[in-house]
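Working notes, structure below.
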Amino acid sequence: MKNKLSNIKKAIKYLNKNQCIGIPTETVYGLGANAYSSVATAKIFKLKKRPKKNPLIVHYYDLKLLKKDCNINNHFLKLYKKYSPGPISYILKLKQGSLISKNVTNKKNTLAVRFPSHPITRNLLKKLDYPLAAPSANISTKISPVSKKDVQDEFGKKISLILDGGSSKIGVESTIINLINKPQILRLGGIAKEEINQYLKLNVKFNNRSIIKSPGQGKTHYSPYIKLRLNVKNANKNEAFILIKKRKKINKNYFYLSKKNNLKEAAKNLYKTLRKIKKRNFKSIAVERIVNKGFGEVINDRLKKASYFK
Ligand code: AMP
Ligand code: MG
């Protein structure tokens, strides 16, 4: 059809009108809006039912726009060169004249920034003259989305457009590293802590207590809203059982995260598996012990937060 706009053009049209759209990224799908607009970013909080105190990550194409918004430092440049575009977010100092909406930062003078590698979203970012604030495209505290269908399940007709970029390759959120003073990991994610440490020749620690938590926001996160038990040897009869290692017995309640005990593949399949279990109406989930390093630590972090739901 002659007049049919391409999806990218449609996306730009909606974003320019201060609307939110679903965008694919390699980590999880995002709910994107113009980070310079208070009208657009307010809609993100409303749609997600996200506490206003919880700041957003802003997505950039490259350093050109970023330099207008943030002060950059050597640790940032070193990490950027190796890992961006990719599944890592950096906390930087916000510049005074920056146009970033105060909704994004909760009026703080720091900003979380990321350079996603998904080609569709990169193509979109390249064509915009503003960066996109984009948290995960799910209702706050629930399971993050890793496909267009997941985003549709979360928001239905409340958003006008979701760009389809297939299923997210990494499948868990970005690693967040605070680079304001001594580097510190605030959230485990798509780039393993061990890898960052090897590269920086530092011993960067994970400190999730320093992540901004909003009052009233419970500990529950990434949750299917089903009871979940960790480090279980054998599940009960009617329980969904999440496994990493193959078992001889075949059982329709078993859900394998990986074919060959590969933790990266397991992380990728985590949210998809939780959604599948939810659709099958299980009332309880058991998870076998997962080794607590590399992507295993990321999976355990998400499952622990999901397990706070009682
Ligand atoms: P999400 O939007 O769901 O990917 O979560 C983003 C995470 O980044 C939240 O836990 C925020 O608290 C955290 N975050 C965003 N901006 C900042 C910041 N300036 N300082 C510390 N944490 C931040
Ligand atoms: Mg999220």
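Letters for chains follow the order of the structure tokens (A, B, ...), residue numbers begin at 1 for each chain, and ligand numbers begin at 1 in the order shown.
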With only C-alpha atoms and all ligand atoms counted and 8 Å as the cut-off, give the residues of chain A in contact with ligand 1, each with its shortest interatomic distance in Å and the pair that gives it, as a tab-separated table.
residue	atom	partner	partner_atom_place_in_ligand_line	distance
A:Asn54	CA	ligand 1	12 (O)	4.9
A:Pro55	CA	ligand 1	15 (C)	4.3
A:Leu56	CA	ligand 1	15 (C)	4.6
A:Ile57	CA	ligand 1	15 (C)	5.2
A:Ile91	CA	ligand 1	19 (N)	5.7
A:Leu92	CA	ligand 1	19 (N)	7.4
A:Val104	CA	ligand 1	16 (N)	7.7
A:Thr105	CA	ligand 1	19 (N)	5.9
A:Lys108	CA	ligand 1	19 (N)	6.9
A:Asn109	CA	ligand 1	19 (N)	7.4
A:Thr110	CA	ligand 1	19 (N)	4.4
A:Leu111	CA	ligand 1	19 (N)	4.1
A:Ala112	CA	ligand 1	16 (N)	4.4
A:Val113	CA	ligand 1	16 (N)	7.9
A:Ala134	CA	ligand 1	2 (O)	6.6
A:Pro135	CA	ligand 1	2 (O)	3.4
A:Ser136	CA	ligand 1	3 (O)	4.9
A:Ser140	CA	ligand 1	3 (O)	7.8
A:Glu173	CA	ligand 1	4 (O)	6.2
A:Ser174	CA	ligand 1	4 (O)	7.3
A:Ile176	CA	ligand 1	8 (O)	6.9
A:Asn178	CA	ligand 1	21 (C)	7.2
A:Leu186	CA	ligand 1	22 (N)	7.0
A:Arg187	CA	ligand 1	10 (O)	7.4
A:Ser210	CA	ligand 1	21 (C)	7.4
A:Ile211	CA	ligand 1	22 (N)	4.9
A:Ile212	CA	ligand 1	12 (O)	4.3
A:Lys213	CA	ligand 1	12 (O)	6.1
For C-alpha atoms, I'd like the residues from the last selection saved as a compact mmCIF listing (two decimals), in the first residue's frame.
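Saved as again_4.txt:
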# COMPACT_ATOMS: atom_id res chain seq x y z
CA ASN A 54 12.03 4.90 40.87
CA PRO A 55 14.20 6.56 38.18
CA LEU A 56 14.33 5.41 34.55
CA ILE A 57 17.19 4.30 32.31
CA ILE A 91 25.15 5.77 36.21
CA LEU A 92 26.71 9.13 35.35
CA VAL A 104 13.24 10.48 34.68
CA THR A 105 15.71 11.12 37.50
CA LYS A 108 18.44 13.70 41.23
CA ASN A 109 21.70 14.82 39.66
CA THR A 110 22.60 11.35 38.35
CA LEU A 111 21.35 9.53 35.25
CA ALA A 112 21.27 5.86 34.25
CA VAL A 113 22.15 5.49 30.54
CA ALA A 134 12.62 3.03 28.60
CA PRO A 135 12.04 0.77 31.58
CA SER A 136 10.96 -2.80 31.02
CA SER A 140 5.75 -2.82 38.00
CA GLU A 173 17.87 -6.84 32.26
CA SER A 174 21.13 -4.95 31.82
CA ILE A 176 23.81 -1.48 36.12
CA ASN A 178 27.48 3.16 39.15
CA LEU A 186 23.80 -1.91 41.44
CA ARG A 187 22.04 -4.63 39.47
CA SER A 210 22.44 1.11 47.02
CA ILE A 211 19.92 0.87 44.20
CA ILE A 212 17.26 3.52 44.56
CA LYS A 213 14.28 1.96 46.29
Surroundings of ligand 2 up to 9 Å, based on only C-alpha atoms and all ligand atoms, as a ChimeraX atom specification: /A:28,30,135-144,173,221-222
Surrounding residues of stretch 190-197 of chain A excluding itself and chain neighbours under 2 positions, 7 Å, only C-alpha atoms, as a count of residues only: 16
For A:Lys304, work out the shell of residues within 8 Å, counting only C-alpha atoms and skipping chain neighbours fewer than 4 positions away, then give it as an mmCIF file with N, CA, C and O atoms, in the first residue's frame.
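This went into selection-v1.cif:
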data_model
loop_
_atom_site.group_PDB
_atom_site.id
_atom_site.type_symbol
_atom_site.label_atom_id
_atom_site.label_comp_id
_atom_site.auth_asym_id
_atom_site.auth_seq_id
_atom_site.Cartn_x
_atom_site.Cartn_y
_atom_site.Cartn_z
ATOM 1 N N LEU A 230 12.844 -21.821 46.576
ATOM 2 C CA LEU A 230 14.170 -21.977 45.955
ATOM 3 C C LEU A 230 14.935 -23.155 46.553
ATOM 4 O O LEU A 230 14.590 -23.644 47.634
ATOM 5 N N ASN A 300 19.538 -16.317 40.117
ATOM 6 C CA ASN A 300 19.201 -16.403 41.548
ATOM 7 C C ASN A 300 18.697 -15.071 42.091
ATOM 8 O O ASN A 300 17.766 -15.031 42.894
ATOM 9 N N TYR A 308 9.709 -13.344 47.051
ATOM 10 C CA TYR A 308 9.144 -12.557 48.157
ATOM 11 C C TYR A 308 7.617 -12.501 48.080
ATOM 12 O O TYR A 308 6.954 -12.137 49.043
#
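Taking only C-alpha atoms into account, A:Ile72 lies nearest to A:Tyr90 out of the set A:Tyr60, A:Phe241, A:Tyr90, A:Tyr14.
With only C-alpha atoms as the atoms that count, the residue of A:Lys9, A:Lys158, A:Lys182, A:His118 with the shortest distance to A:Asn73 is A:Lys182.
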